[in-house]
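Trainee: This one is input07.txt, compact mmCIF, C-alpha atoms.
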# COMPACT_ATOMS: atom_id res chain seq x y z
CA MET Q 595 -31.67 3.97 13.77
CA ASP Q 596 -28.44 5.49 14.92
CA THR Q 597 -27.76 8.83 13.25
CA ASP Q 598 -24.03 8.25 12.94
CA ILE Q 599 -24.55 4.98 11.08
CA LEU Q 600 -26.97 6.66 8.67
CA LYS Q 601 -24.48 9.45 8.05
CA LYS Q 602 -21.66 7.03 7.53
CA ASN Q 603 -23.63 4.84 5.13
CA TYR Q 604 -25.49 7.38 3.03
CA LEU Q 605 -23.82 10.80 3.17
CA PRO Q 606 -22.81 12.68 1.15
CA MET Q 607 -25.37 11.73 -1.48
CA THR Q 608 -24.94 11.92 -5.21
CA GLU Q 609 -26.99 14.69 -6.81
CA THR Q 610 -29.09 12.03 -8.50
CA ALA Q 611 -29.95 10.28 -5.23
CA TYR Q 612 -30.55 13.60 -3.47
CA TYR Q 613 -33.03 14.84 -6.07
CA ILE Q 614 -34.80 11.49 -6.25
CA LEU Q 615 -35.33 11.46 -2.50
CA LEU Q 616 -36.47 15.08 -2.58
CA SER Q 617 -38.99 14.26 -5.30
CA LEU Q 618 -40.35 11.39 -3.26
CA TYR Q 619 -41.62 13.65 -0.56
CA GLU Q 620 -44.70 13.13 -2.69
CA ASP Q 621 -45.71 9.79 -4.21
CA ARG Q 622 -44.33 9.47 -7.72
CA HIS Q 623 -43.41 6.86 -10.30
CA GLY Q 624 -40.03 6.68 -12.03
CA TYR Q 625 -40.79 8.83 -15.05
CA GLY Q 626 -42.66 11.30 -12.84
CA ILE Q 627 -39.49 11.71 -10.78
CA MET Q 628 -37.43 12.34 -13.93
CA GLN Q 629 -39.79 15.10 -15.03
CA HIS Q 630 -40.00 16.63 -11.58
CA VAL Q 631 -36.21 16.74 -11.17
CA GLU Q 632 -35.84 18.34 -14.57
CA ASN Q 633 -38.41 20.97 -13.60
CA ILE Q 634 -37.05 21.94 -10.22
CA THR Q 635 -33.45 22.07 -11.48
CA GLU Q 636 -34.56 24.03 -14.56
CA GLY Q 637 -33.19 21.40 -16.88
CA ARG Q 638 -29.78 21.20 -15.25
CA ILE Q 639 -30.19 17.61 -14.13
CA ASN Q 640 -31.55 15.05 -16.57
CA ILE Q 641 -31.61 11.61 -15.06
CA GLY Q 642 -31.43 8.91 -17.74
CA ALA Q 643 -34.16 6.28 -17.67
CA GLY Q 644 -31.69 3.44 -17.09
CA THR Q 645 -29.95 5.35 -14.32
CA MET Q 646 -33.34 6.11 -12.78
CA TYR Q 647 -34.34 2.45 -12.76
CA GLY Q 648 -31.01 1.39 -11.26
CA THR Q 649 -31.03 4.06 -8.58
CA LEU Q 650 -34.63 3.35 -7.58
CA SER Q 651 -33.81 -0.35 -7.24
CA LYS Q 652 -30.83 0.46 -5.05
CA LEU Q 653 -32.71 2.94 -2.88
CA GLU Q 654 -35.52 0.44 -2.43
CA LYS Q 655 -33.10 -2.32 -1.50
CA GLU Q 656 -31.58 -0.01 1.11
CA ASN Q 657 -35.11 0.62 2.33
CA LEU Q 658 -34.81 4.37 1.84
CA ILE Q 659 -37.87 4.33 -0.39
CA ILE Q 660 -40.81 1.96 -0.55
CA HIS Q 661 -43.53 1.19 -3.03
CA GLU Q 662 -46.95 0.23 -1.83
CA LYS Q 663 -48.87 0.27 -5.06
CA GLU Q 664 -48.51 -0.18 -8.78
CA ILE Q 665 -50.55 1.51 -11.47
CA ASP Q 666 -50.27 0.10 -15.02
CA ARG Q 667 -47.19 -1.86 -13.93
CA LYS Q 668 -45.59 1.40 -12.76
CA LYS Q 669 -44.33 1.31 -9.22
CA ILE Q 670 -45.39 4.31 -7.18
CA TYR Q 671 -42.67 5.15 -4.71
CA LYS Q 672 -42.48 7.21 -1.56
CA LEU Q 673 -39.90 7.94 1.11
CA SER Q 674 -39.64 5.49 3.96
CA GLU Q 675 -39.13 6.71 7.51
CA LYS Q 676 -35.47 5.89 7.16
CA GLY Q 677 -35.35 7.77 3.86
CA GLN Q 678 -36.88 10.85 5.49
CA LYS Q 679 -34.25 10.78 8.24
CA VAL Q 680 -31.43 10.45 5.74
CA LEU Q 681 -32.80 13.28 3.62
CA ILE Q 682 -33.03 15.60 6.65
CA LEU Q 683 -29.45 14.70 7.62
CA GLU Q 684 -28.29 15.53 4.11
CA LEU Q 685 -30.15 18.85 4.18
CA GLU Q 686 -28.47 19.71 7.48
CA ARG Q 687 -25.10 18.78 6.01
CA LEU Q 688 -25.69 20.92 2.92
CA GLU Q 689 -26.81 23.85 5.06
CA LYS Q 690 -23.64 23.59 7.10
CA LEU Q 691 -21.58 23.56 3.89
CA LEU Q 692 -23.36 26.61 2.59
CA ASN Q 693 -22.99 28.51 5.85
CA ASP Q 694 -19.32 27.68 6.18
CA GLY Q 695 -18.81 29.00 2.68
CA LYS Q 696 -20.66 32.21 3.39
CA VAL Q 697 -18.73 32.81 6.61
CA GLU Q 698 -15.37 32.20 4.95
CA ILE Q 699 -15.89 34.43 1.93
CA GLY Q 700 -18.22 36.91 3.59
CA GLY Q 701 -21.54 36.18 1.97
CA LEU Q 702 -22.64 35.48 -1.56
CA LYS Q 703 -22.25 38.16 -4.16
CA MET H 1131 -39.27 -1.44 -54.19
CA LYS H 1132 -37.43 -1.07 -50.95
CA THR H 1133 -33.69 -1.25 -50.86
CA ILE H 1134 -32.60 -3.67 -48.21
CA LYS H 1135 -29.18 -4.22 -46.72
CA THR H 1136 -28.07 -6.94 -44.33
CA LYS H 1137 -24.95 -6.38 -42.28
CA TRP H 1138 -23.12 -8.35 -39.66
CA PHE H 1139 -21.58 -6.49 -36.83
CA TRP H 1140 -19.28 -8.38 -34.48
CA TRP H 1141 -19.33 -6.78 -31.12
CA TRP H 1142 -18.66 -8.20 -27.71
CA GLY H 1143 -20.11 -7.59 -24.35
CA TRP H 1144 -17.43 -5.14 -23.34
CA ASN H 1145 -17.81 -2.62 -26.12
CA PRO H 1146 -21.50 -1.95 -26.74
CA GLN H 1147 -20.68 1.65 -27.54
CA LYS H 1148 -19.29 0.58 -30.90
CA VAL H 1149 -22.54 -0.99 -32.03
CA GLU H 1150 -24.52 1.97 -30.64
CA ASP H 1151 -22.46 4.44 -32.64
CA TRP H 1152 -22.48 2.32 -35.77
CA LEU H 1153 -26.30 2.03 -35.80
CA GLU H 1154 -26.61 5.77 -35.25
CA GLU H 1155 -24.27 6.38 -38.16
CA MET H 1156 -26.27 4.04 -40.42
CA GLU H 1157 -29.47 5.97 -39.57
CA SER H 1158 -27.72 9.22 -40.38
CA TYR H 1159 -27.04 7.88 -43.89
CA GLY H 1160 -30.67 6.87 -44.29
CA TRP H 1161 -30.31 3.20 -43.45
CA ASN H 1162 -33.14 2.52 -41.02
CA LEU H 1163 -32.74 -0.52 -38.84
CA TYR H 1164 -35.78 -2.78 -38.94
CA GLN H 1165 -34.63 -6.18 -37.78
CA VAL H 1166 -32.01 -7.73 -35.50
CA ASP H 1167 -31.41 -11.45 -35.27
CA MET H 1168 -31.62 -13.28 -31.95
CA TRP H 1169 -27.89 -13.04 -31.33
CA GLY H 1170 -27.74 -9.33 -31.92
CA LEU H 1171 -25.16 -9.75 -34.67
CA ARG H 1172 -27.08 -9.54 -37.92
CA PHE H 1173 -28.80 -6.25 -38.67
CA LYS H 1174 -31.23 -5.49 -41.46
CA PHE H 1175 -31.80 -2.01 -42.82
CA THR H 1176 -34.06 -0.39 -45.36
CA LYS H 1177 -33.01 2.71 -47.23
CA GLU H 1178 -35.57 5.35 -46.42
CA GLN H 1179 -34.82 8.54 -44.58
CA THR H 1180 -31.89 10.07 -42.77
CA GLN H 1181 -32.63 10.56 -39.11
CA SER H 1182 -30.98 11.15 -35.78
CA ILE H 1183 -31.56 8.15 -33.61
CA ARG H 1184 -29.71 7.33 -30.46
CA TYR H 1185 -29.17 3.62 -29.74
CA CYS H 1186 -28.36 2.36 -26.25
CA VAL H 1187 -27.39 -1.10 -25.07
CA ASP H 1188 -28.28 -2.27 -21.60
CA PHE H 1189 -27.71 -5.48 -19.75
CA GLN H 1190 -30.14 -6.41 -16.99
CA SER H 1191 -30.13 -9.96 -15.69
CA LYS H 1192 -33.62 -9.54 -14.32
CA VAL H 1193 -36.08 -6.74 -14.75
CA ASP H 1194 -39.63 -6.02 -13.71
CA GLY H 1195 -42.38 -4.14 -15.52
CA ASN H 1196 -41.07 -1.00 -13.90
CA TYR H 1197 -37.92 -1.10 -16.04
CA LEU H 1198 -39.86 -1.30 -19.27
CA SER H 1199 -42.37 1.35 -18.24
CA ILE H 1200 -39.74 3.91 -17.16
CA LEU H 1201 -37.87 3.55 -20.45
CA LYS H 1202 -41.02 3.63 -22.55
CA ASP H 1203 -42.39 6.65 -20.71
CA ASP H 1204 -39.14 8.43 -21.48
CA GLY H 1205 -39.65 7.78 -25.19
CA TRP H 1206 -37.38 4.77 -25.69
CA LYS H 1207 -38.44 1.93 -27.94
CA MET H 1208 -37.07 -1.56 -27.46
CA VAL H 1209 -35.48 -2.76 -30.68
CA TRP H 1210 -34.12 -6.06 -29.49
CA SER H 1211 -33.74 -8.14 -26.37
CA GLY H 1212 -31.38 -11.07 -26.27
CA ALA H 1213 -30.49 -14.07 -24.18
CA GLY H 1214 -29.21 -13.41 -20.69
CA GLY H 1215 -30.64 -9.91 -20.47
CA TRP H 1216 -29.42 -7.79 -23.36
CA TYR H 1217 -31.56 -4.87 -24.43
CA LEU H 1218 -31.18 -2.52 -27.35
CA TRP H 1219 -33.16 0.71 -27.07
CA LYS H 1220 -33.63 3.53 -29.51
CA LYS H 1221 -34.90 7.09 -29.34
CA PRO H 1222 -35.10 9.75 -32.04
CA TYR H 1223 -33.74 13.15 -31.12
CA GLU H 1224 -33.23 16.62 -32.49
CA GLU H 1225 -30.65 18.57 -30.58
CA LYS H 1226 -29.57 17.01 -27.33
CA ARG H 1227 -28.38 13.44 -27.75
CA PRO H 1228 -30.25 11.36 -25.17
CA ASP H 1229 -28.80 8.54 -23.10
CA ILE H 1230 -30.33 5.91 -20.87
CA PHE H 1231 -27.44 6.36 -18.44
CA SER H 1232 -26.78 9.82 -17.11
CA ASP H 1233 -23.76 8.98 -14.98
CA THR H 1234 -20.66 6.85 -15.24
CA ASP H 1235 -21.60 4.78 -12.19
CA SER H 1236 -24.57 3.37 -14.11
CA LEU H 1237 -22.25 2.15 -16.86
CA ILE H 1238 -19.88 0.56 -14.35
CA GLU H 1239 -22.85 -1.17 -12.75
CA ARG H 1240 -24.05 -2.45 -16.12
CA ASN H 1241 -20.61 -3.96 -16.77
CA ASN H 1242 -20.59 -5.49 -13.30
CA ARG H 1243 -23.99 -7.10 -13.89
CA LEU H 1244 -22.57 -8.66 -17.03
CA SER H 1245 -19.40 -9.90 -15.28
CA LYS H 1246 -21.50 -11.38 -12.50
CA ILE H 1247 -23.68 -13.43 -14.82
CA LEU H 1248 -20.62 -14.82 -16.62
CA VAL H 1249 -19.06 -16.17 -13.41
CA PRO H 1250 -21.19 -19.36 -13.01
CA PHE H 1251 -20.55 -20.35 -16.66
CA PHE H 1252 -16.86 -19.72 -16.20
CA LEU H 1253 -16.73 -21.90 -13.07
CA LEU H 1254 -18.66 -24.64 -14.84
CA ILE H 1255 -16.21 -24.63 -17.74
CA ILE H 1256 -13.25 -24.78 -15.36
CA ALA H 1257 -14.87 -27.68 -13.45
CA ILE H 1258 -15.37 -29.65 -16.68
CA PHE H 1259 -11.84 -28.82 -17.73
CA ILE H 1260 -10.39 -30.17 -14.46
CA PHE H 1261 -12.57 -33.26 -14.78
CA LEU H 1262 -11.20 -33.84 -18.29
CA LEU H 1263 -7.64 -33.45 -17.09
CA ILE H 1264 -8.10 -35.91 -14.23
CA ASN H 1265 -9.87 -38.51 -16.36
CA ARG H 1266 -7.47 -38.25 -19.19
CA ASP H 1267 -7.52 -40.94 -21.83
CA HIS H 1268 -6.93 -40.77 -25.51
CA GLY H 1269 -9.49 -39.16 -27.64
CA ASN H 1270 -10.21 -36.23 -25.41
CA GLU H 1271 -7.24 -34.10 -26.44
CA PHE H 1272 -9.57 -32.27 -28.76
CA LEU H 1273 -12.01 -31.51 -25.93
CA ILE H 1274 -9.20 -30.34 -23.68
CA GLY H 1275 -8.03 -28.05 -26.46
CA LEU H 1276 -11.55 -26.74 -26.89
CA TYR H 1277 -11.83 -25.97 -23.20
CA ILE H 1278 -8.51 -24.15 -23.20
CA VAL H 1279 -9.89 -21.94 -25.97
CA LEU H 1280 -13.12 -21.36 -24.02
CA ILE H 1281 -11.28 -20.52 -20.81
CA SER H 1282 -9.03 -18.09 -22.66
CA PHE H 1283 -12.06 -16.47 -24.24
CA TYR H 1284 -13.76 -15.98 -20.88
CA GLY H 1285 -10.55 -14.71 -19.35
CA PHE H 1286 -10.32 -12.19 -22.17
CA LEU H 1287 -13.94 -11.10 -21.62
CA PHE H 1288 -13.39 -10.51 -17.90
CA TYR H 1289 -10.17 -8.68 -18.62
CA GLN H 1290 -11.86 -6.37 -21.16
CA LEU H 1291 -14.79 -5.61 -18.85
CA GLN H 1292 -12.38 -4.88 -16.02
CA LYS H 1293 -10.31 -2.62 -18.25
CA TYR H 1294 -13.42 -0.75 -19.40
CA ASN H 1295 -14.49 -0.20 -15.80
CA GLU H 1296 -11.03 1.03 -14.81
CA LYS H 1297 -11.21 3.53 -17.65
CA LEU H 1298 -14.66 4.69 -16.52
CA LYS H 1299 -13.45 5.07 -12.93
CA ASN H 1300 -10.51 7.16 -14.09
CA ASP H 1301 -12.90 9.35 -16.06
CA ILE H 1302 -14.79 10.06 -12.85
CA LYS H 1303 -11.61 11.12 -11.04
CA GLU H 1304 -10.54 13.53 -13.75
What is this file in structure tokens?

Mentor:
Amino acid sequence: MDTDILKKNYLPMTETAYYILLSLYEDRHGYGIMQHVENITEGRINIGAGTMYGTLSKLEKENLIIHEKEIDRKKIYKLSEKGQKVLILELERLEKLLNDGKVEIGGLK
Amino acid sequence: MKTIKTKWFWWWGWNPQKVEDWLEEMESYGWNLYQVDMWGLRFKFTKEQTQSIRYCVDFQSKVDGNYLSILKDDGWKMVWSGAGGWYLWKKPYEEKRPDIFSDTDSLIERNNRLSKILVPFFLLIIAIFIFLLINRDHGNEFLIGLYIVLISFYGFLFYQLQKYNEKLKNDIKE
């Protein structure tokens, strides 16, 4: 799919969406994602269960994530090919932001 | 013998926060909620222990098992589910007050889901109203009056939901 269209449609991401996609580099279910995000952000980001359900439904509808199996009625999600592309584009964007900042203020103190 | 208290709480679709806060307050005085009627208006409490319990209202027109499992895994217990797709969840807490929605967008989306499900009913009422006006004969003045009340009520509901969402959107900007 055309990179420009992906950028236009999905970037910049919300922090919630970004961390959900990051977490789905491995297969996880909804609550597993919540725990993982809390861990890697050291408690800074707590995604509410209702928000998690809503965001997963949206991401799945946009075909950024897919679920192939269910265990105990829990959907196990993973990134789709499209989702991987979008995540890489977002990482590139964030890197550019960070570098621009460093150049302008002469590094991080 | 247990002390029991029954209370009515009139709340409307656009201000679930009021009922959430009220139930939390009741728990903090030791009134533990144990029953809700099918309309979500009559609440029964027993006087037992004071506790910190967060209540959250959600509206989901259709859900799958995934919805229930994510909320349950996160420690929420469903207290009540009502017609159309209302859910009342509760979770005890100690320090940090939990919430099922961690961003304002989720609340706006909940309100939009509610607005959306009201639209077909609203259109149906308007259609019947027009039909009544066209086929006017005596005896149906009462019905026409009734439909004017219904239409005003729906109009008010939409207006309140819209106003709530505008407020939420402004909160995001600030």

Trainee: Work out how far apart CA of Pro1250 (chain H) and CA of Gln1292 (chain H) are and give it in Å to one decimal.

Mentor: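 Separation of CA of Pro1250 (chain H) and CA of Gln1292 (chain H): 17.2 Å.
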
Trainee: Using only C-alpha atoms, I'd like every residue of chain H that has an atom within 8 Å of chain Q; please write them out as number ranges by chain.

Mentor: H: 1195-1197, 1199-1201, 1203-1204, 1228-1233, 1236

Trainee: Could those selected residues go to a file with C-alpha atoms, as a short mmCIF file (atom, residue, chain, number, x, y, z; two decimals), keeping the file's coordinate frame?

Mentor:
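Contents of the output file part_32.cif:
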data_model
loop_
_atom_site.label_atom_id
_atom_site.label_comp_id
_atom_site.auth_asym_id
_atom_site.auth_seq_id
_atom_site.Cartn_x
_atom_site.Cartn_y
_atom_site.Cartn_z
CA GLY H 1195 -42.38 -4.14 -15.52
CA ASN H 1196 -41.07 -1.00 -13.90
CA TYR H 1197 -37.92 -1.10 -16.04
CA SER H 1199 -42.37 1.35 -18.24
CA ILE H 1200 -39.74 3.91 -17.16
CA LEU H 1201 -37.87 3.55 -20.45
CA ASP H 1203 -42.39 6.65 -20.71
CA ASP H 1204 -39.14 8.43 -21.48
CA PRO H 1228 -30.25 11.36 -25.17
CA ASP H 1229 -28.80 8.54 -23.10
CA ILE H 1230 -30.33 5.91 -20.87
CA PHE H 1231 -27.44 6.36 -18.44
CA SER H 1232 -26.78 9.82 -17.11
CA ASP H 1233 -23.76 8.98 -14.98
CA SER H 1236 -24.57 3.37 -14.11
#

Trainee: Could you give me, as a list in words, the residues that sit within 10 Å of (-35.4, -5.7, -24.1) in the file's coordinates, counting only C-alpha atoms?

Mentor: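 Residues satisfying the cut-off, written out: Val1187, Asp1188, Phe1189, Gln1190, Val1193, Tyr1197, Leu1198, Lys1207, Met1208, Val1209, Trp1210, Ser1211, Gly1212, Ala1213, Gly1215, Trp1216, Tyr1217, Leu1218 and Trp1219 of chain H.
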
Trainee: Contacts of Leu658 (chain Q) at 7 Å or less, counting all atoms listed in the file, minus same-chain residues fewer than 3 places along, as a count of residues only?

Mentor: 6

Trainee: Would you kindly return, as an NGL selection string, each protein, DNA or RNA residue with an atom no farther than 9 Å from any atom of Gly1285 (chain H), considering all atoms listed in the file and excluding same-chain residues fewer than 5 positions away?

Mentor: :H and (1252 or 1280 or 1290)

Trainee: Between H:Ile1183, H:Leu1263, H:Ile1247, H:Ile1302, which one has atoms that come closest to Gly1205 (chain H), using all atoms listed in the file?

Mentor: H:Ile1183

Trainee: Can you pull out every residue within 7 Å of Asp621 (chain Q), counting only C-alpha atoms, but drop anything in the same chain fewer than 2 positions away, and send it as number ranges by chain?

Mentor: Q: 618-619, 670-672

Trainee: How many Å lie between CA of Glu1225 (chain H) and CA of Thr1136 (chain H), rounded to one decimal?

Mentor: 29.1 Å

Trainee: Please report the interatomic distance between CA of Asp596 (chain Q) and CA of Ser617 (chain Q) in Å with one decimal.

Mentor: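 According to the coordinates, CA of Asp596 (chain Q) and CA of Ser617 (chain Q) are separated by 24.4 Å.
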
Trainee: Select, from Q:Arg622, Q:Glu698, Q:Lys652, Q:Leu688, the residue with the minimum atom-to-atom distance to Glu609 (chain Q), counting all atoms listed in the file.

Mentor: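 Of Q:Arg622, Q:Glu698, Q:Lys652, Q:Leu688, the one nearest Glu609 (chain Q), counting all atoms listed in the file, is Q:Leu688.
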
Trainee: Contacts of Phe1173 (chain H) at 9 Å or less, counting only C-alpha atoms, minus same-chain residues fewer than 5 places along, as a list in words?

Mentor: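 The residues satisfying every condition are Lys1135, Thr1136, Lys1137, Trp1138, Phe1139, Leu1163, Tyr1164, Gln1165, Val1166 and Asp1167 of chain H.
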
Trainee: Would you put the residues from that selection into a file with C-alpha atoms, as a PDB file, keeping the file's coordinate frame?

Mentor:
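Listed below is the output, out.pdb:
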ATOM      1  CA  LYS H1135     -29.180  -4.220 -46.720  1.00  0.00           C
ATOM      2  CA  THR H1136     -28.070  -6.940 -44.330  1.00  0.00           C
ATOM      3  CA  LYS H1137     -24.950  -6.380 -42.280  1.00  0.00           C
ATOM      4  CA  TRP H1138     -23.120  -8.350 -39.660  1.00  0.00           C
ATOM      5  CA  PHE H1139     -21.580  -6.490 -36.830  1.00  0.00           C
ATOM      6  CA  LEU H1163     -32.740  -0.520 -38.840  1.00  0.00           C
ATOM      7  CA  TYR H1164     -35.780  -2.780 -38.940  1.00  0.00           C
ATOM      8  CA  GLN H1165     -34.630  -6.180 -37.780  1.00  0.00           C
ATOM      9  CA  VAL H1166     -32.010  -7.730 -35.500  1.00  0.00           C
ATOM     10  CA  ASP H1167     -31.410 -11.450 -35.270  1.00  0.00           C
TER      11      ASP H1167
END
